[in-house]
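Student: My file is work34.cif. It has mmCIF, C-alpha atoms:
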data_upload
#
loop_
_atom_site.group_PDB
_atom_site.id
_atom_site.type_symbol
_atom_site.label_atom_id
_atom_site.label_comp_id
_atom_site.auth_asym_id
_atom_site.auth_seq_id
_atom_site.Cartn_x
_atom_site.Cartn_y
_atom_site.Cartn_z
ATOM 1 C CA MET A 1 -8.942 74.943 -51.599
ATOM 2 C CA ILE A 2 -10.119 72.158 -49.307
ATOM 3 C CA TRP A 3 -11.571 70.297 -52.290
ATOM 4 C CA ASP A 4 -8.220 70.429 -54.088
ATOM 5 C CA TRP A 5 -6.380 69.267 -50.951
ATOM 6 C CA LEU A 6 -8.723 66.294 -50.509
ATOM 7 C CA PHE A 7 -9.223 65.102 -54.085
ATOM 8 C CA ALA A 8 -6.750 66.657 -56.526
ATOM 9 C CA PRO A 9 -3.859 64.272 -55.688
ATOM 10 C CA PHE A 10 -5.936 61.301 -56.835
ATOM 11 C CA GLU A 11 -5.966 62.589 -60.383
ATOM 12 C CA TYR A 12 -2.585 60.858 -60.677
ATOM 13 C CA GLN A 13 -2.523 57.153 -61.474
ATOM 14 C CA PHE A 14 0.077 56.307 -58.833
ATOM 15 C CA MET A 15 -2.110 57.890 -56.134
ATOM 16 C CA ARG A 16 -5.154 55.949 -57.321
ATOM 17 C CA ASN A 17 -3.123 52.740 -57.253
ATOM 18 C CA ALA A 18 -1.956 53.522 -53.729
ATOM 19 C CA LEU A 19 -5.523 54.245 -52.602
ATOM 20 C CA LEU A 20 -6.882 51.041 -54.141
ATOM 21 C CA SER A 21 -4.122 49.004 -52.504
ATOM 22 C CA THR A 22 -4.816 50.417 -49.043
ATOM 23 C CA LEU A 23 -8.556 49.916 -49.617
ATOM 24 C CA CYS A 24 -8.003 46.232 -50.403
ATOM 25 C CA LEU A 25 -5.616 45.849 -47.486
ATOM 26 C CA GLY A 26 -8.137 47.382 -45.114
ATOM 27 C CA ILE A 27 -11.005 45.181 -46.306
ATOM 28 C CA GLY A 28 -8.976 41.983 -45.933
ATOM 29 C CA ALA A 29 -6.808 42.784 -42.923
ATOM 30 C CA GLY A 30 -9.526 44.486 -40.851
ATOM 31 C CA PRO A 31 -11.520 41.327 -39.981
ATOM 32 C CA VAL A 32 -8.319 39.309 -39.565
ATOM 33 C CA GLY A 33 -7.033 41.912 -37.091
ATOM 34 C CA VAL A 34 -10.292 41.788 -35.107
ATOM 35 C CA LEU A 35 -10.000 38.020 -34.794
ATOM 36 C CA LEU A 36 -6.370 38.394 -33.700
ATOM 37 C CA VAL A 37 -7.513 40.770 -30.950
ATOM 38 C CA LEU A 38 -10.340 38.478 -29.844
ATOM 39 C CA ARG A 39 -8.015 35.465 -29.804
ATOM 40 C CA ARG A 40 -5.441 37.443 -27.780
ATOM 41 C CA MET A 41 -2.844 36.893 -30.507
ATOM 42 C CA SER A 42 -1.882 40.497 -31.245
ATOM 43 C CA LEU A 43 1.766 40.010 -30.308
ATOM 44 C CA MET A 44 1.899 36.812 -32.348
ATOM 45 C CA GLY A 45 0.795 38.871 -35.328
ATOM 46 C CA ASP A 46 3.718 41.186 -34.650
ATOM 47 C CA ALA A 47 6.057 38.207 -34.521
ATOM 48 C CA LEU A 48 4.733 36.901 -37.846
ATOM 49 C CA SER A 49 5.120 40.312 -39.495
ATOM 50 C CA HIS A 50 8.846 40.123 -38.749
ATOM 51 C CA ALA A 51 9.102 36.409 -39.470
ATOM 52 C CA VAL A 52 8.372 36.946 -43.172
ATOM 53 C CA LEU A 53 11.507 39.073 -43.580
ATOM 54 C CA PRO A 54 14.012 36.266 -44.409
ATOM 55 C CA GLY A 55 11.814 34.926 -47.202
ATOM 56 C CA ALA A 56 11.282 38.401 -48.619
ATOM 57 C CA ALA A 57 15.014 39.046 -48.372
ATOM 58 C CA LEU A 58 15.840 35.863 -50.284
ATOM 59 C CA GLY A 59 13.283 36.765 -52.951
ATOM 60 C CA TYR A 60 14.904 40.175 -53.225
ATOM 61 C CA ILE A 61 18.420 38.715 -53.459
ATOM 62 C CA PHE A 62 17.494 36.403 -56.355
ATOM 63 C CA VAL A 63 14.890 38.440 -58.243
ATOM 64 C CA GLY A 64 15.117 42.041 -56.995
ATOM 65 C CA LEU A 65 12.268 44.337 -55.960
ATOM 66 C CA SER A 66 9.585 42.113 -57.480
ATOM 67 C CA LEU A 67 6.404 41.914 -55.408
ATOM 68 C CA PRO A 68 5.519 38.344 -56.498
ATOM 69 C CA ALA A 69 8.999 37.128 -55.483
ATOM 70 C CA LEU A 70 8.925 39.061 -52.198
ATOM 71 C CA SER A 71 5.411 37.833 -51.473
ATOM 72 C CA PHE A 72 6.105 34.186 -52.250
ATOM 73 C CA GLY A 73 9.300 34.167 -50.203
ATOM 74 C CA GLY A 74 7.681 36.035 -47.327
ATOM 75 C CA PHE A 75 4.661 33.734 -47.322
ATOM 76 C CA LEU A 76 6.833 30.607 -47.154
ATOM 77 C CA ALA A 77 8.993 32.066 -44.373
ATOM 78 C CA GLY A 78 5.997 33.191 -42.330
ATOM 79 C CA LEU A 79 4.251 29.858 -42.769
ATOM 80 C CA ILE A 80 7.359 27.932 -41.736
ATOM 81 C CA VAL A 81 7.773 30.076 -38.610
ATOM 82 C CA ALA A 82 4.081 29.680 -37.713
ATOM 83 C CA LEU A 83 4.252 25.889 -38.073
ATOM 84 C CA LEU A 84 7.545 25.604 -36.183
ATOM 85 C CA ALA A 85 6.306 27.808 -33.339
ATOM 86 C CA GLY A 86 3.111 25.764 -33.081
ATOM 87 C CA MET A 87 5.081 22.519 -33.128
ATOM 88 C CA VAL A 88 7.455 23.696 -30.370
ATOM 89 C CA SER A 89 4.558 24.845 -28.170
ATOM 90 C CA ARG A 90 2.793 21.489 -28.537
ATOM 91 C CA MET A 91 5.865 19.266 -28.088
ATOM 92 C CA THR A 92 7.478 21.188 -25.203
ATOM 93 C CA HIS A 93 6.393 23.129 -22.116
ATOM 94 C CA LEU A 94 6.995 26.470 -23.862
ATOM 95 C CA LYS A 95 3.913 28.620 -24.484
ATOM 96 C CA GLU A 96 3.056 29.564 -28.059
ATOM 97 C CA ASP A 97 3.695 33.295 -27.557
ATOM 98 C CA ALA A 98 7.188 32.614 -26.196
ATOM 99 C CA SER A 99 7.861 30.210 -29.063
ATOM 100 C CA PHE A 100 6.799 32.860 -31.598
ATOM 101 C CA ALA A 101 9.036 35.412 -29.869
ATOM 102 C CA GLY A 102 12.068 33.159 -30.222
ATOM 103 C CA PHE A 103 11.519 32.456 -33.911
ATOM 104 C CA PHE A 104 10.637 36.102 -34.566
ATOM 105 C CA LEU A 105 14.005 37.297 -33.247
ATOM 106 C CA ILE A 106 15.870 34.685 -35.260
ATOM 107 C CA SER A 107 13.935 35.567 -38.421
ATOM 108 C CA LEU A 108 14.398 39.308 -38.031
ATOM 109 C CA ALA A 109 18.152 39.006 -37.526
ATOM 110 C CA LEU A 110 18.482 36.562 -40.420
ATOM 111 C CA GLY A 111 16.448 38.773 -42.758
ATOM 112 C CA VAL A 112 18.459 41.910 -41.991
ATOM 113 C CA LEU A 113 21.687 39.928 -42.440
ATOM 114 C CA ILE A 114 20.580 38.613 -45.852
ATOM 115 C CA ILE A 115 19.571 42.078 -47.087
ATOM 116 C CA SER A 116 22.823 43.586 -45.810
ATOM 117 C CA LEU A 117 24.739 41.284 -48.177
ATOM 118 C CA ARG A 118 23.727 43.658 -50.977
ATOM 119 C CA ASN A 119 25.476 46.521 -49.135
ATOM 120 C CA SER A 120 22.649 49.007 -49.739
ATOM 121 C CA SER A 121 20.737 50.832 -47.020
ATOM 122 C CA VAL A 122 18.215 51.956 -49.653
ATOM 123 C CA ASP A 123 17.341 48.331 -50.401
ATOM 124 C CA LEU A 124 16.909 47.639 -46.685
ATOM 125 C CA MET A 125 14.576 50.633 -46.319
ATOM 126 C CA ASN A 126 12.476 49.474 -49.289
ATOM 127 C CA ILE A 127 12.010 46.010 -47.804
ATOM 128 C CA LEU A 128 11.362 47.175 -44.243
ATOM 129 C CA PHE A 129 9.068 50.138 -44.938
ATOM 130 C CA GLY A 130 7.818 49.831 -48.536
ATOM 131 C CA SER A 131 6.053 52.605 -50.460
ATOM 132 C CA ALA A 132 2.346 52.720 -51.235
ATOM 133 C CA LEU A 133 3.078 55.258 -53.977
ATOM 134 C CA ALA A 134 5.074 52.639 -55.898
ATOM 135 C CA VAL A 135 2.241 50.104 -56.196
ATOM 136 C CA ASP A 136 1.775 49.025 -59.825
ATOM 137 C CA TYR A 137 -1.009 47.101 -61.581
ATOM 138 C CA PRO A 138 0.390 43.563 -60.977
ATOM 139 C CA SER A 139 0.794 44.438 -57.300
ATOM 140 C CA LEU A 140 -2.835 45.564 -57.178
ATOM 141 C CA ILE A 141 -3.964 42.281 -58.702
ATOM 142 C CA LEU A 142 -1.998 40.305 -56.111
ATOM 143 C CA ILE A 143 -3.316 42.375 -53.186
ATOM 144 C CA ALA A 144 -6.907 42.095 -54.458
ATOM 145 C CA ALA A 145 -6.527 38.330 -54.891
ATOM 146 C CA ILE A 146 -5.271 37.918 -51.321
ATOM 147 C CA THR A 147 -8.165 40.047 -50.041
ATOM 148 C CA SER A 148 -10.679 37.932 -51.975
ATOM 149 C CA ILE A 149 -9.192 34.659 -50.698
ATOM 150 C CA THR A 150 -9.226 36.034 -47.151
ATOM 151 C CA LEU A 151 -12.894 37.038 -47.245
ATOM 152 C CA LEU A 152 -14.002 33.768 -48.856
ATOM 153 C CA THR A 153 -12.042 31.684 -46.338
ATOM 154 C CA LEU A 154 -13.372 33.668 -43.378
ATOM 155 C CA ALA A 155 -16.910 33.179 -44.689
ATOM 156 C CA VAL A 156 -16.375 29.404 -44.740
ATOM 157 C CA ILE A 157 -14.687 29.018 -41.326
ATOM 158 C CA TYR A 158 -16.314 31.976 -39.550
ATOM 159 C CA ARG A 159 -18.398 29.982 -37.048
ATOM 160 C CA PRO A 160 -15.615 27.668 -35.765
ATOM 161 C CA LEU A 161 -13.193 30.597 -35.547
ATOM 162 C CA VAL A 162 -15.612 32.659 -33.466
ATOM 163 C CA VAL A 163 -16.530 29.759 -31.178
ATOM 164 C CA GLU A 164 -12.850 29.011 -30.608
ATOM 165 C CA CYS A 165 -12.221 32.684 -29.780
ATOM 166 C CA PHE A 166 -14.584 32.627 -26.808
ATOM 167 C CA ASP A 167 -14.528 29.019 -25.611
ATOM 168 C CA PRO A 168 -11.682 26.948 -27.117
ATOM 169 C CA ASN A 169 -12.138 24.073 -24.652
ATOM 170 C CA PHE A 170 -15.821 23.691 -25.584
ATOM 171 C CA PHE A 171 -14.941 23.883 -29.264
ATOM 172 C CA ARG A 172 -12.353 21.110 -28.946
ATOM 173 C CA LEU A 173 -14.866 19.010 -27.014
ATOM 174 C CA ILE A 174 -17.619 19.201 -29.642
ATOM 175 C CA HIS A 175 -15.526 19.476 -32.782
ATOM 176 C CA GLY A 176 -11.984 18.316 -32.169
ATOM 177 C CA HIS A 177 -10.348 20.204 -35.069
ATOM 178 C CA GLY A 178 -9.222 23.376 -33.324
ATOM 179 C CA SER A 179 -5.643 23.055 -34.549
ATOM 180 C CA PHE A 180 -6.808 22.745 -38.153
ATOM 181 C CA TYR A 181 -8.737 26.034 -38.052
ATOM 182 C CA HIS A 182 -5.949 27.666 -36.074
ATOM 183 C CA ILE A 183 -3.445 26.830 -38.825
ATOM 184 C CA ILE A 184 -5.794 28.131 -41.537
ATOM 185 C CA PHE A 185 -6.170 31.359 -39.592
ATOM 186 C CA LEU A 186 -2.402 31.739 -39.248
ATOM 187 C CA VAL A 187 -2.083 31.254 -43.006
ATOM 188 C CA LEU A 188 -4.584 34.091 -43.521
ATOM 189 C CA VAL A 189 -2.568 36.310 -41.170
ATOM 190 C CA VAL A 190 0.643 35.614 -43.098
ATOM 191 C CA MET A 191 -1.088 36.215 -46.446
ATOM 192 C CA ASN A 192 -2.389 39.620 -45.366
ATOM 193 C CA LEU A 193 0.978 40.608 -43.946
ATOM 194 C CA VAL A 194 2.527 39.639 -47.266
ATOM 195 C CA ALA A 195 -0.110 41.698 -49.108
ATOM 196 C CA GLY A 196 1.119 44.766 -47.244
ATOM 197 C CA PHE A 197 4.732 44.396 -48.418
ATOM 198 C CA GLN A 198 4.615 46.912 -51.235
ATOM 199 C CA SER A 199 2.606 49.534 -49.367
ATOM 200 C CA MET A 200 3.916 49.208 -45.812
ATOM 201 C CA GLY A 201 7.025 47.042 -45.855
ATOM 202 C CA THR A 202 7.574 44.157 -43.470
ATOM 203 C CA LEU A 203 7.823 46.303 -40.333
ATOM 204 C CA LEU A 204 4.642 48.346 -40.810
ATOM 205 C CA SER A 205 2.314 45.901 -42.604
ATOM 206 C CA LEU A 206 0.877 44.838 -39.256
ATOM 207 C CA GLY A 207 -0.177 48.434 -38.553
ATOM 208 C CA ILE A 208 -3.045 48.435 -41.055
ATOM 209 C CA MET A 209 -4.224 45.155 -39.508
ATOM 210 C CA MET A 210 -3.964 45.783 -35.761
ATOM 211 C CA LEU A 211 -4.516 49.509 -35.155
ATOM 212 C CA PRO A 212 -7.972 49.621 -36.820
ATOM 213 C CA ALA A 213 -8.925 46.370 -35.073
ATOM 214 C CA THR A 214 -7.915 47.575 -31.612
ATOM 215 C CA SER A 215 -9.644 50.912 -32.266
ATOM 216 C CA ALA A 216 -12.856 49.127 -33.268
ATOM 217 C CA ARG A 217 -12.818 47.295 -29.934
ATOM 218 C CA PHE A 218 -13.536 50.621 -28.206
ATOM 219 C CA TRP A 219 -16.572 51.379 -30.386
ATOM 220 C CA ALA A 220 -18.393 48.049 -30.641
ATOM 221 C CA ALA A 221 -19.116 45.065 -28.416
ATOM 222 C CA HIS A 222 -20.158 42.598 -31.134
ATOM 223 C CA ILE A 223 -18.071 40.975 -33.831
ATOM 224 C CA TRP A 224 -19.782 42.152 -37.029
ATOM 225 C CA PRO A 225 -19.849 45.838 -35.985
ATOM 226 C CA MET A 226 -16.178 45.450 -35.044
ATOM 227 C CA PHE A 227 -15.438 44.062 -38.516
ATOM 228 C CA ILE A 228 -17.182 46.984 -40.215
ATOM 229 C CA ILE A 229 -15.646 49.675 -37.988
ATOM 230 C CA SER A 230 -12.183 48.155 -38.389
ATOM 231 C CA VAL A 231 -12.474 48.221 -42.194
ATOM 232 C CA LEU A 232 -13.769 51.808 -42.142
ATOM 233 C CA ILE A 233 -10.907 52.963 -39.911
ATOM 234 C CA ALA A 234 -8.376 51.212 -42.160
ATOM 235 C CA VAL A 235 -9.835 52.856 -45.277
ATOM 236 C CA VAL A 236 -9.957 56.312 -43.669
ATOM 237 C CA SER A 237 -6.390 55.898 -42.382
ATOM 238 C CA GLY A 238 -5.204 54.908 -45.843
ATOM 239 C CA TYR A 239 -6.959 57.840 -47.524
ATOM 240 C CA PHE A 240 -5.774 60.585 -45.196
ATOM 241 C CA GLY A 241 -2.370 58.989 -44.696
ATOM 242 C CA LEU A 242 -1.796 59.135 -48.450
ATOM 243 C CA LEU A 243 -2.931 62.757 -48.552
ATOM 244 C CA ILE A 244 -0.522 63.710 -45.772
ATOM 245 C CA SER A 245 2.259 61.804 -47.514
ATOM 246 C CA TYR A 246 1.574 63.559 -50.823
ATOM 247 C CA HIS A 247 1.226 67.117 -49.529
ATOM 248 C CA LEU A 248 4.061 67.027 -46.981
ATOM 249 C CA ASN A 249 6.380 64.731 -48.953
ATOM 250 C CA PHE A 250 6.547 62.169 -46.138
ATOM 251 C CA PRO A 251 6.903 58.375 -46.539
ATOM 252 C CA SER A 252 3.486 56.891 -47.256
ATOM 253 C CA GLY A 253 3.597 53.807 -45.001
ATOM 254 C CA PRO A 254 4.419 55.649 -41.755
ATOM 255 C CA CYS A 255 1.824 58.333 -42.574
ATOM 256 C CA ILE A 256 -0.903 55.702 -42.974
ATOM 257 C CA VAL A 257 0.048 53.896 -39.768
ATOM 258 C CA LEU A 258 0.357 57.150 -37.799
ATOM 259 C CA THR A 259 -3.072 58.235 -39.020
ATOM 260 C CA ALA A 260 -4.446 54.917 -37.769
ATOM 261 C CA GLY A 261 -2.527 55.553 -34.539
ATOM 262 C CA VAL A 262 -4.250 58.919 -34.046
ATOM 263 C CA ILE A 263 -7.640 57.223 -34.492
ATOM 264 C CA TYR A 264 -6.565 54.576 -31.975
ATOM 265 C CA ILE A 265 -5.681 57.255 -29.389
ATOM 266 C CA ILE A 266 -9.041 58.975 -29.952
ATOM 267 C CA SER A 267 -10.777 55.598 -29.620
ATOM 268 C CA PHE A 268 -9.259 54.536 -26.315
ATOM 269 C CA LEU A 269 -9.892 58.014 -24.906
ATOM 270 C CA PHE A 270 -13.463 58.622 -26.132
ATOM 271 C CA GLY A 271 -14.846 55.306 -27.439
ATOM 272 C CA ARG A 272 -18.233 54.132 -26.211
ATOM 273 C CA ASN A 273 -17.126 50.622 -25.200
ATOM 274 C CA GLY A 274 -14.605 50.350 -22.346
ATOM 275 C CA SER A 275 -12.632 53.509 -23.138
ATOM 276 C CA PHE A 276 -10.972 55.884 -20.698
ATOM 277 C CA LEU A 277 -14.013 58.176 -20.841
ATOM 278 C CA THR A 278 -16.484 55.432 -19.936
ATOM 279 C CA HIS A 279 -14.421 54.541 -16.869
ATOM 280 C CA LEU A 280 -14.576 58.171 -15.712
ATOM 281 C CA LYS A 281 -18.367 58.338 -15.908
ATOM 282 C CA PRO A 282 -20.179 57.563 -12.623
ATOM 283 C CA ARG A 283 -21.942 54.223 -12.634
#
Since I need it in another form, could you write the structure as structure tokens?
Tutor:
Amino acid sequence: MIWDWLFAPFEYQFMRNALLSTLCLGIGAGPVGVLLVLRRMSLMGDALSHAVLPGAALGYIFVGLSLPALSFGGFLAGLIVALLAGMVSRMTHLKEDASFAGFFLISLALGVLIISLRNSSVDLMNILFGSALAVDYPSLILIAAITSITLLTLAVIYRPLVVECFDPNFFRLIHGHGSFYHIIFLVLVVMNLVAGFQSMGTLLSLGIMMLPATSARFWAAHIWPMFIISVLIAVVSGYFGLLISYHLNFPSGPCIVLTAGVIYIISFLFGRNGSFLTHLKPR
């Protein structure tokens, strides 16, 4: 009985596609989410996840529910918002988080307005929340390609990114190219948010990136263990979230994110590194 509950659903091709997509998303988005946490940019990631909506909406208007069109439009929109927010923060007295917040609100309203022109709430739900169970082979190829590019790029710029996380002033003093690596990192964030379109939609794609990363922070104190734990939590969340979605006939994206949310609650309560439990123990 338990064996059938755990494994029988993956006899279907659409379930295997969904599982492979969440696996790829977890492998690519996990390390990116950890770096977002370490760079104190979690809320900026949330802003970018909403900023891609206008581009995805335009892709949908002209092409329909085509993942390449949604992804290309979303990537361009997210990149434009990231560059504009960075430009405003460097040319004015406004901080970067406030600049992202302003553009995020504009983008979200514009995206919803564009989608509403089609007069279909079903279309809006598909864009905002997606469906992992609808992932097809071309979508898998795109998600896997984004994951591969992410891992290769992180391998190349890993050292400057980590140094900038902990001491940005020192990094600028010895290297002087902090903005360059910052922009590359923002591009990786946008790419991984775009990769989550089909499975999670624009509103929930950040969940598979940030919840495992913040959970990993309560279990490890060093970067590489945090990377590994974040990926493992993302994969486990995807697996059991899909099972819950299949057996209870719930939407797949929210089930995956809520499963990651349960792990996050367990982590901040009982984790071994700075959790609620460790603060209760006598020193």
Student: Skip Ala221 of chain A itself and residues of its chain fewer than 6 positions away, then list as a list of chain:residue names all residues within 10 Å of it, counting only C-alpha atoms.
Tutor: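 In the requested format, the answer is A:Arg272, A:Asn273, A:Gly274.
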Student: For the residues selected in the previous step, produce a file with C-alpha atoms as a compact mmCIF listing (two decimals), keeping the file's coordinate frame.
Tutor:
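Just written: part.txt:
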# COMPACT_ATOMS: atom_id res chain seq x y z
CA ARG A 272 -18.23 54.13 -26.21
CA ASN A 273 -17.13 50.62 -25.20
CA GLY A 274 -14.60 50.35 -22.35
Student: Considering all atoms listed in the file, return as an MDAnalysis selection string whatever protein or nucleic-acid residues lie within 12 Å of Arg40 of chain A, sequence-local ones (same chain, fewer than 2 positions apart) excluded.
Tutor: chainID A and resid 33:38 42:45 96:97 164:166 210 214
Student: Of the candidates A:Pro54, A:Gly241, A:Gly73, A:Pro160, which one gets nearest to Leu113 of chain A if we count all atoms listed in the file?
Tutor: A:Pro54
Student: Could you state which residues are captured by the PyMOL selection byres ((chain A and resi 227) around 10) in this file, as number ranges by chain?
Tutor: A: 27, 29-35, 212-213, 216-217, 220, 222-226, 228-232
Student: Find the residues near Leu53 of chain A: any atom within 10 Å, counting all atoms listed in the file, skip ones fewer than 3 places away on the same chain, and give them as a list in words.
Tutor: Leu48, Ser49, His50, Ala56, Ala57, Leu58, Gly59, Leu70, Gly73, Gly74, Phe75, Ala77, Gly78, Phe104, Ser107, Leu108, Ala109, Leu110, Gly111, Val112, Ile114, Ile115, Ile127, Leu128, Val194, Phe197, Gly201, Thr202 and Leu203 of chain A
Student: One decimal, in Å: what's the spacing between atom CA of Met41 of chain A and atom CA of Ile146 of chain A?
Tutor: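 Computing it gives 21.0 Å between the two atoms.
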